[in-house]
$ cat model-v5.cif   # mmCIF, C-alpha atoms and all ligand atoms
data_my_file
loop_
_atom_site.label_atom_id
_atom_site.label_comp_id
_atom_site.auth_asym_id
_atom_site.auth_seq_id
_atom_site.Cartn_x
_atom_site.Cartn_y
_atom_site.Cartn_z
CA MET A 252 -3.28 -41.62 14.37
CA THR A 253 -3.09 -38.40 16.30
CA THR A 254 -1.77 -38.46 19.81
CA LYS A 255 -3.26 -36.00 22.19
CA LYS A 256 -1.31 -34.72 25.11
CA TYR A 257 -4.45 -34.11 27.11
CA ASP A 258 -6.57 -37.21 27.10
CA PHE A 259 -9.49 -37.52 29.48
CA SER A 260 -11.59 -40.50 30.35
CA ASN A 261 -15.20 -40.41 29.24
CA ASP A 262 -16.62 -41.37 32.56
CA VAL A 263 -16.50 -39.33 35.67
CA GLU A 264 -17.64 -40.59 39.05
CA MET A 265 -21.04 -39.30 40.15
CA GLU A 266 -19.41 -38.29 43.40
CA GLU A 267 -17.09 -35.90 41.58
CA ILE A 268 -19.99 -34.33 39.73
CA LEU A 269 -21.90 -33.78 42.96
CA LYS A 270 -18.84 -32.26 44.55
CA VAL A 271 -18.44 -29.73 41.75
CA LYS A 272 -22.12 -28.82 41.95
CA ASN A 273 -21.88 -28.31 45.66
CA ASN A 274 -18.66 -26.28 45.38
CA ILE A 275 -20.37 -23.96 42.92
CA LYS A 276 -23.22 -23.41 45.33
CA ILE A 277 -20.82 -22.57 48.17
CA LEU A 278 -18.71 -20.34 45.92
CA LYS A 279 -21.72 -18.37 44.70
CA THR A 280 -22.82 -17.73 48.28
CA LYS A 281 -19.34 -16.56 49.27
CA VAL A 282 -19.12 -14.24 46.27
CA LYS A 283 -22.56 -12.87 47.03
CA ASN A 284 -21.62 -12.17 50.65
CA ALA A 285 -18.33 -10.55 49.64
CA ALA A 286 -20.18 -8.36 47.12
CA ASN A 287 -22.81 -7.36 49.67
CA LYS A 288 -20.11 -6.17 52.07
CA ILE A 289 -19.05 -3.49 49.61
CA ASN A 290 -22.58 -2.74 48.38
CA LYS A 291 -22.16 -4.44 45.03
CA LYS A 292 -24.66 -6.72 43.38
CA PRO A 293 -23.44 -10.31 43.03
CA GLU A 294 -23.97 -10.05 39.25
CA GLU A 295 -21.31 -7.37 39.14
CA ILE A 296 -18.68 -9.99 39.99
CA LYS A 297 -17.91 -12.51 37.25
CA ILE A 298 -16.92 -15.93 38.47
CA MET A 299 -14.43 -17.57 36.15
CA ALA A 300 -13.91 -21.32 36.30
CA VAL A 301 -10.24 -22.00 35.64
CA ILE A 302 -10.22 -25.27 33.75
CA LYS A 303 -6.59 -26.28 33.37
CA THR A 304 -6.15 -30.05 33.82
CA VAL A 305 -9.91 -30.44 34.43
CA ASN A 306 -11.89 -33.13 32.63
CA PRO A 307 -14.20 -31.41 30.09
CA ILE A 308 -17.13 -33.41 31.48
CA LEU A 309 -16.74 -31.59 34.79
CA VAL A 310 -16.29 -28.28 33.00
CA ASN A 311 -19.63 -28.83 31.31
CA VAL A 312 -21.19 -29.64 34.68
CA ALA A 313 -20.01 -26.20 35.87
CA ILE A 314 -21.51 -24.53 32.80
CA LYS A 315 -24.84 -26.26 33.39
CA GLU A 316 -24.73 -25.00 36.98
CA GLY A 317 -24.48 -21.43 35.74
CA ILE A 318 -20.78 -20.66 35.36
CA PHE A 319 -20.54 -18.79 32.07
CA LEU A 320 -16.93 -17.69 32.07
CA LEU A 321 -14.09 -20.14 31.54
CA GLY A 322 -10.38 -19.48 31.80
CA GLU A 323 -7.56 -21.53 30.35
CA ASN A 324 -3.88 -20.81 30.76
CA LYS A 325 -2.21 -23.29 28.44
CA ALA A 326 -2.70 -22.79 24.71
CA GLN A 327 -2.16 -26.40 23.68
CA GLU A 328 -4.56 -27.77 26.28
CA PHE A 329 -7.14 -25.15 25.37
CA LEU A 330 -6.96 -26.03 21.68
CA GLU A 331 -7.28 -29.76 22.33
CA LYS A 332 -10.20 -29.52 24.76
CA TYR A 333 -12.10 -26.69 23.12
CA ASP A 334 -14.41 -28.86 21.00
CA SER A 335 -15.62 -30.75 24.08
CA TYR A 336 -17.13 -27.73 25.81
CA LEU A 337 -20.69 -26.49 25.75
CA LYS A 338 -20.58 -23.09 24.07
CA GLU A 339 -23.97 -21.45 24.43
CA ASN A 340 -23.65 -18.17 26.39
CA VAL A 341 -20.16 -19.21 27.45
CA GLU A 342 -17.18 -16.88 27.29
CA PHE A 343 -13.61 -18.09 27.08
CA HIS A 344 -10.70 -16.08 28.42
CA PHE A 345 -7.05 -16.87 27.97
CA ILE A 346 -5.17 -16.27 31.23
CA GLY A 347 -1.67 -17.73 30.78
CA HIS A 348 1.56 -16.60 29.17
CA LEU A 349 0.85 -16.70 25.46
CA GLN A 350 3.67 -17.65 23.12
CA SER A 351 3.82 -15.72 19.84
CA LYS A 352 3.49 -18.87 17.76
CA LYS A 353 0.13 -19.73 19.40
CA VAL A 354 -1.49 -16.33 18.90
CA LYS A 355 -2.95 -17.11 15.51
CA GLN A 356 -4.90 -20.16 16.75
CA ILE A 357 -5.90 -18.77 20.13
CA ILE A 358 -7.43 -15.52 18.86
CA LYS A 359 -9.85 -17.53 16.72
CA ILE A 360 -11.50 -19.09 19.77
CA VAL A 361 -11.12 -16.70 22.71
CA ASP A 362 -13.34 -13.82 23.72
CA THR A 363 -10.68 -12.00 25.74
CA ILE A 364 -6.97 -12.38 26.38
CA GLU A 365 -6.41 -11.39 30.01
CA SER A 366 -2.70 -12.04 30.04
CA VAL A 367 -1.16 -9.55 27.63
CA ASP A 368 2.20 -9.14 29.31
CA SER A 369 4.41 -7.29 26.80
CA PHE A 370 4.18 -4.70 24.05
CA ASN A 371 5.64 -7.27 21.67
CA LEU A 372 2.79 -9.73 22.38
CA ALA A 373 0.21 -6.96 21.92
CA GLN A 374 1.73 -6.14 18.53
CA ILE A 375 1.55 -9.76 17.40
CA ILE A 376 -2.07 -10.12 18.55
CA SER A 377 -2.95 -6.90 16.74
CA LYS A 378 -1.31 -8.07 13.52
CA GLU A 379 -2.97 -11.51 13.57
CA ALA A 380 -6.36 -10.12 14.62
CA LYS A 381 -6.28 -7.72 11.69
CA LYS A 382 -5.77 -10.65 9.31
CA ILE A 383 -9.01 -12.29 10.48
CA ASN A 384 -10.86 -9.00 10.81
CA LYS A 385 -11.54 -9.43 14.51
CA THR A 386 -11.08 -7.01 17.40
CA ILE A 387 -9.71 -8.73 20.47
CA PRO A 388 -10.56 -7.41 23.93
CA ILE A 389 -7.50 -7.60 26.15
CA LEU A 390 -6.51 -7.05 29.76
CA LEU A 391 -2.97 -6.09 30.65
CA GLU A 392 -1.21 -8.30 33.15
CA ILE A 393 0.63 -6.45 35.90
CA ASN A 394 3.54 -7.99 37.75
CA ILE A 395 2.43 -6.18 40.86
CA GLY A 396 4.93 -7.84 43.20
CA ASP A 397 7.88 -7.27 40.80
CA GLU A 398 8.58 -10.99 40.89
CA GLU A 399 11.28 -12.49 38.67
CA SER A 400 9.23 -15.64 38.21
CA LYS A 401 6.14 -13.88 36.88
CA PHE A 402 5.17 -12.27 33.63
CA GLY A 403 3.52 -8.89 33.29
CA PHE A 404 4.21 -5.19 33.09
CA LYS A 405 6.07 -3.52 35.91
CA LYS A 406 4.13 -0.75 37.64
CA ASN A 407 6.44 1.98 36.42
CA GLU A 408 6.28 0.81 32.80
CA LEU A 409 2.54 0.39 32.65
CA LEU A 410 1.32 3.82 31.57
CA LYS A 411 3.86 4.13 28.75
CA ASN A 412 2.79 0.69 27.46
CA ILE A 413 -0.93 1.36 27.78
CA ILE A 414 -0.55 4.42 25.59
CA LEU A 415 1.46 2.50 22.99
CA ILE A 416 -0.92 -0.49 23.00
CA SER A 417 -4.02 1.69 22.83
CA LYS A 418 -2.86 2.83 19.40
CA LEU A 419 -2.63 -0.68 17.95
CA GLU A 420 -5.38 -1.78 15.58
CA ASN A 421 -7.83 -4.60 16.27
CA LEU A 422 -7.21 -4.54 20.02
CA LYS A 423 -9.28 -3.05 22.80
CA ILE A 424 -7.89 -2.61 26.30
CA LYS A 425 -10.64 -3.50 28.77
CA GLY A 426 -8.86 -3.65 32.10
CA LEU A 427 -6.11 -5.17 34.20
CA MET A 428 -5.21 -8.60 35.52
CA SER A 429 -2.76 -9.73 38.15
CA ILE A 430 -1.44 -12.74 40.02
CA PRO A 431 0.04 -11.12 43.12
CA PRO A 432 2.43 -12.70 45.61
CA ILE A 433 0.59 -14.88 48.15
CA LYS A 434 2.31 -13.21 51.07
CA ASN A 435 0.70 -9.88 52.06
CA VAL A 436 -1.72 -10.31 49.20
CA GLU A 437 -4.05 -7.54 50.39
CA GLN A 438 -1.35 -4.92 49.99
CA TYR A 439 -1.03 -5.94 46.32
CA PHE A 440 -4.78 -6.06 45.70
CA LYS A 441 -4.94 -2.55 47.08
CA GLN A 442 -2.14 -1.38 44.79
CA MET A 443 -3.95 -2.93 41.83
CA GLN A 444 -7.14 -1.13 42.76
CA THR A 445 -5.29 2.21 42.94
CA ILE A 446 -3.64 1.68 39.55
CA TYR A 447 -6.96 0.63 38.01
CA ILE A 448 -8.72 3.76 39.27
CA ASP A 449 -5.83 6.05 38.27
CA ILE A 450 -5.81 4.71 34.71
CA SER A 451 -9.56 4.90 34.52
CA ASN A 452 -9.45 8.58 35.56
CA LYS A 453 -6.95 9.39 32.81
CA LYS A 454 -9.61 8.62 30.18
CA ILE A 455 -7.14 7.44 27.55
CA ASP A 456 -8.57 6.98 24.04
CA ASN A 457 -9.46 3.38 23.22
CA VAL A 458 -8.86 2.29 26.83
CA ASP A 459 -11.73 1.16 29.07
CA MET A 460 -11.21 0.07 32.63
CA ASN A 461 -14.17 -2.33 32.84
CA PHE A 462 -12.47 -5.35 34.33
CA LEU A 463 -10.14 -5.91 37.22
CA SER A 464 -9.28 -9.60 37.23
CA MET A 465 -7.67 -10.76 40.45
CA GLY A 466 -8.28 -13.25 43.24
CA MET A 467 -8.08 -17.03 43.09
CA SER A 468 -9.38 -19.89 45.26
CA ASN A 469 -7.58 -18.82 48.41
CA ASP A 470 -8.09 -15.08 48.30
CA PHE A 471 -11.06 -14.16 46.08
CA GLU A 472 -13.03 -12.57 48.92
CA LYS A 473 -10.18 -10.19 49.69
CA ALA A 474 -9.82 -9.43 45.98
CA ILE A 475 -13.52 -8.55 45.73
CA PHE A 476 -13.08 -6.20 48.68
CA TYR A 477 -10.42 -4.33 46.67
CA GLY A 478 -12.56 -4.05 43.57
CA ALA A 479 -11.99 -7.25 41.60
CA ASN A 480 -14.88 -7.93 39.25
CA ILE A 481 -13.47 -11.10 37.72
CA VAL A 482 -12.31 -13.78 40.15
CA ARG A 483 -10.48 -16.77 38.70
CA ILE A 484 -11.31 -19.96 40.54
CA GLY A 485 -9.75 -23.37 39.93
CA SER A 486 -9.12 -25.68 42.87
CA PHE A 487 -12.05 -24.41 44.95
CA LEU A 488 -14.37 -25.73 42.24
CA PHE A 489 -12.59 -28.77 40.89
CA GLY A 490 -10.29 -29.88 43.71
CA SER A 491 -6.53 -29.67 43.81
CA ARG A 492 -4.72 -30.29 40.55
CA LYS A 493 -2.74 -33.50 40.16
C1 LIG B 1 -4.55 -21.75 37.90
C2 LIG B 1 -4.87 -20.32 37.85
C3 LIG B 1 -5.90 -19.77 38.62
C4 LIG B 1 -6.72 -20.57 39.61
O1 LIG B 1 -5.98 -20.94 40.71
P1 LIG B 1 -6.67 -21.69 41.97
O2 LIG B 1 -5.79 -21.34 43.10
O3 LIG B 1 -6.70 -23.13 41.64
O4 LIG B 1 -8.03 -21.11 42.10
C5 LIG B 1 -6.18 -18.43 38.47
N1 LIG B 1 -5.48 -17.64 37.61
C6 LIG B 1 -4.49 -18.13 36.83
C7 LIG B 1 -3.78 -17.22 35.91
C8 LIG B 1 -4.16 -19.48 36.93
O5 LIG B 1 -3.17 -19.96 36.17
#
$ encode --input "model-v5.cif" --output "structure tokens"
Amino acid sequence: MTTKKYDFSNDVEMEEILKVKNNIKILKTKVKNAANKINKKPEEIKIMAVIKTVNPILVNVAIKEGIFLLGENKAQEFLEKYDSYLKENVEFHFIGHLQSKKVKQIIKIVDTIESVDSFNLAQIISKEAKKINKTIPILLEINIGDEESKFGFKKNELLKNIILISKLENLKIKGLMSIPPIKNVEQYFKQMQTIYIDISNKKIDNVDMNFLSMGMSNDFEKAIFYGANIVRIGSFLFGSRK
């Protein structure tokens, strides 16, 4: 018998399903309005449903309601729940700190790793991706608030690392990701936007700045204002996590 750490009941209350559907509707309107304010089309902003601790039944409700990007931040949970998800037209991004020993399994199922937070991790992903003949799109995570508790590259070490990582095989840098401090968040979104544009202007070989992933349930509208084109939304869609 196999014991699963993440075990979900097979029935979900209708009320919960309706709530998720309604939250998606509200979220899409808010994203659309935030996009309009800066003359962007709503389609230019990707809404990611962050699915940690969420029952896969509700995740599939979100997919059916038109959310086509899912984000998971715990490797073990992702691996256990993966088979339960609808897959057609759905993209999966890994957004948490990835331990070296999980790289091999995770790269088989993800479309992008948003949370590459060290040169060492990039090297391991490159090595494992080469073995399965896959090129993995990655974003680099920036510790924009220089917080001890968070992973990611420090601002002053970023450029050096981008150049090193851009030379690794079977990886493709596609943008930046951040989880800024909650306090004075706009200041950090603005810094991220500046860094993103600066790097983009440098036109480094094998580096595209296509995605700026920032903004969560409480601050996604502000993030969109400062150029985010992936917003990562958990509790706004699925309620607060237990
Ligand atoms: C949990 C999580 C989110 C979503 O947070 P909410 O505040 O619930 O929207 C976004 N990004 C990352 C990396 C997360 O771990």
$ atom_distance --input "model-v5.cif" --atom1 "atom CA of A:Leu463" --atom2 "atom CA of A:Asn480"
5.5 Å
$ residues_around --input "model-v5.cif" --residues "stretch 455-460 of chain A" --least-positions-apart "3" --cutoff "6 Å" --atoms "all atoms listed in the file" --output "JSON, numbers by chain"
{"A": [417, 424, 425, 426, 451]}
$ residues_around --input "model-v5.cif" --residues "A:Ile395" --least-positions-apart "2" --cutoff "7 Å" --atoms "all atoms listed in the file" --output "PyMOL selection string"
chain A and resi 393+397+405-406+429+431+439
$ atom_distance --input "model-v5.cif" --atom1 "atom CA of A:Leu415" --atom2 "atom CA of A:Pro388"
15.6 Å
$ residues_near_ligand --input "model-v5.cif" --ligand "ligand LIG 1 (chain B)" --cutoff "7 Å" --atoms "all atoms listed in the file" --output "JSON, numbers by chain"
{"A": [301, 303, 324, 346, 347, 430, 467, 468, 469, 483, 484, 485, 486, 487, 491]}
$ atom_distance --input "model-v5.cif" --atom1 "atom CA of A:Gln327" --atom2 "atom CA of A:Ser464"
22.7 Å
$ closest_residue --input "model-v5.cif" --among "A:Asn421, A:Glu408, A:Val367, A:Tyr477" --to "A:Lys441" --atoms "only C-alpha atoms"
A:Tyr477
$ closest_residue --input "model-v5.cif" --among "A:Asp334, A:Val341, A:Glu379, A:Ile289" --to "A:Ala474" --atoms "only C-alpha atoms"
A:Ile289
$ closest_residue --input "model-v5.cif" --among "A:Glu437, A:Ile414, A:Met443, A:Arg492" --to "A:Val305" --atoms "all atoms listed in the file"
A:Arg492
$ closest_residue --input "model-v5.cif" --among "A:Leu337, A:Asn284, A:Phe402, A:Val482" --to "A:Ala300" --atoms "all atoms listed in the file"
A:Val482
$ closest_residue --input "model-v5.cif" --among "A:Lys315, A:Lys353, A:Lys359, A:Lys332" --to "A:Ile275" --atoms "all atoms listed in the file"
A:Lys315
$ residues_near_point --input "model-v5.cif" --point "(-16.6, -27.6, 29.6)" --cutoff "6 Å" --atoms "all atoms listed in the file" --output "PyMOL selection string"
chain A and resi 307+310-311+336-337
$ residues_around --input "model-v5.cif" --residues "A:Leu419" --least-positions-apart "6" --cutoff "9 Å" --atoms "only C-alpha atoms" --output "MDAnalysis selection string"
chainID A and resid 373:374 377:378
$ closest_residue --input "model-v5.cif" --among "A:Lys276, A:Leu391, A:Gln350, A:Ile375" --to "A:Glu316" --atoms "all atoms listed in the file"
A:Lys276
$ decode --input "model-v5.cif" --residues "stretch 368-385 of chain A" --atoms "C-alpha atoms" --output "compact mmCIF listing (two decimals), in the first residue's frame"
# COMPACT_ATOMS: atom_id res chain seq x y z
CA ASP A 368 17.28 30.87 -7.50
CA SER A 369 20.95 29.88 -7.77
CA PHE A 370 23.61 29.11 -10.36
CA ASN A 371 23.99 25.69 -8.78
CA LEU A 372 20.30 24.86 -9.36
CA ALA A 373 20.53 26.09 -12.96
CA GLN A 374 23.50 23.78 -13.54
CA ILE A 375 21.62 20.78 -12.17
CA ILE A 376 18.54 21.53 -14.29
CA SER A 377 20.75 21.90 -17.35
CA LYS A 378 22.48 18.58 -16.71
CA GLU A 379 19.24 16.66 -16.11
CA ALA A 380 17.43 18.34 -19.02
CA LYS A 381 20.24 17.31 -21.35
CA LYS A 382 19.79 13.68 -20.31
CA ILE A 383 16.15 13.71 -21.43
CA ASN A 384 16.84 15.88 -24.46
CA LYS A 385 14.53 18.67 -23.35
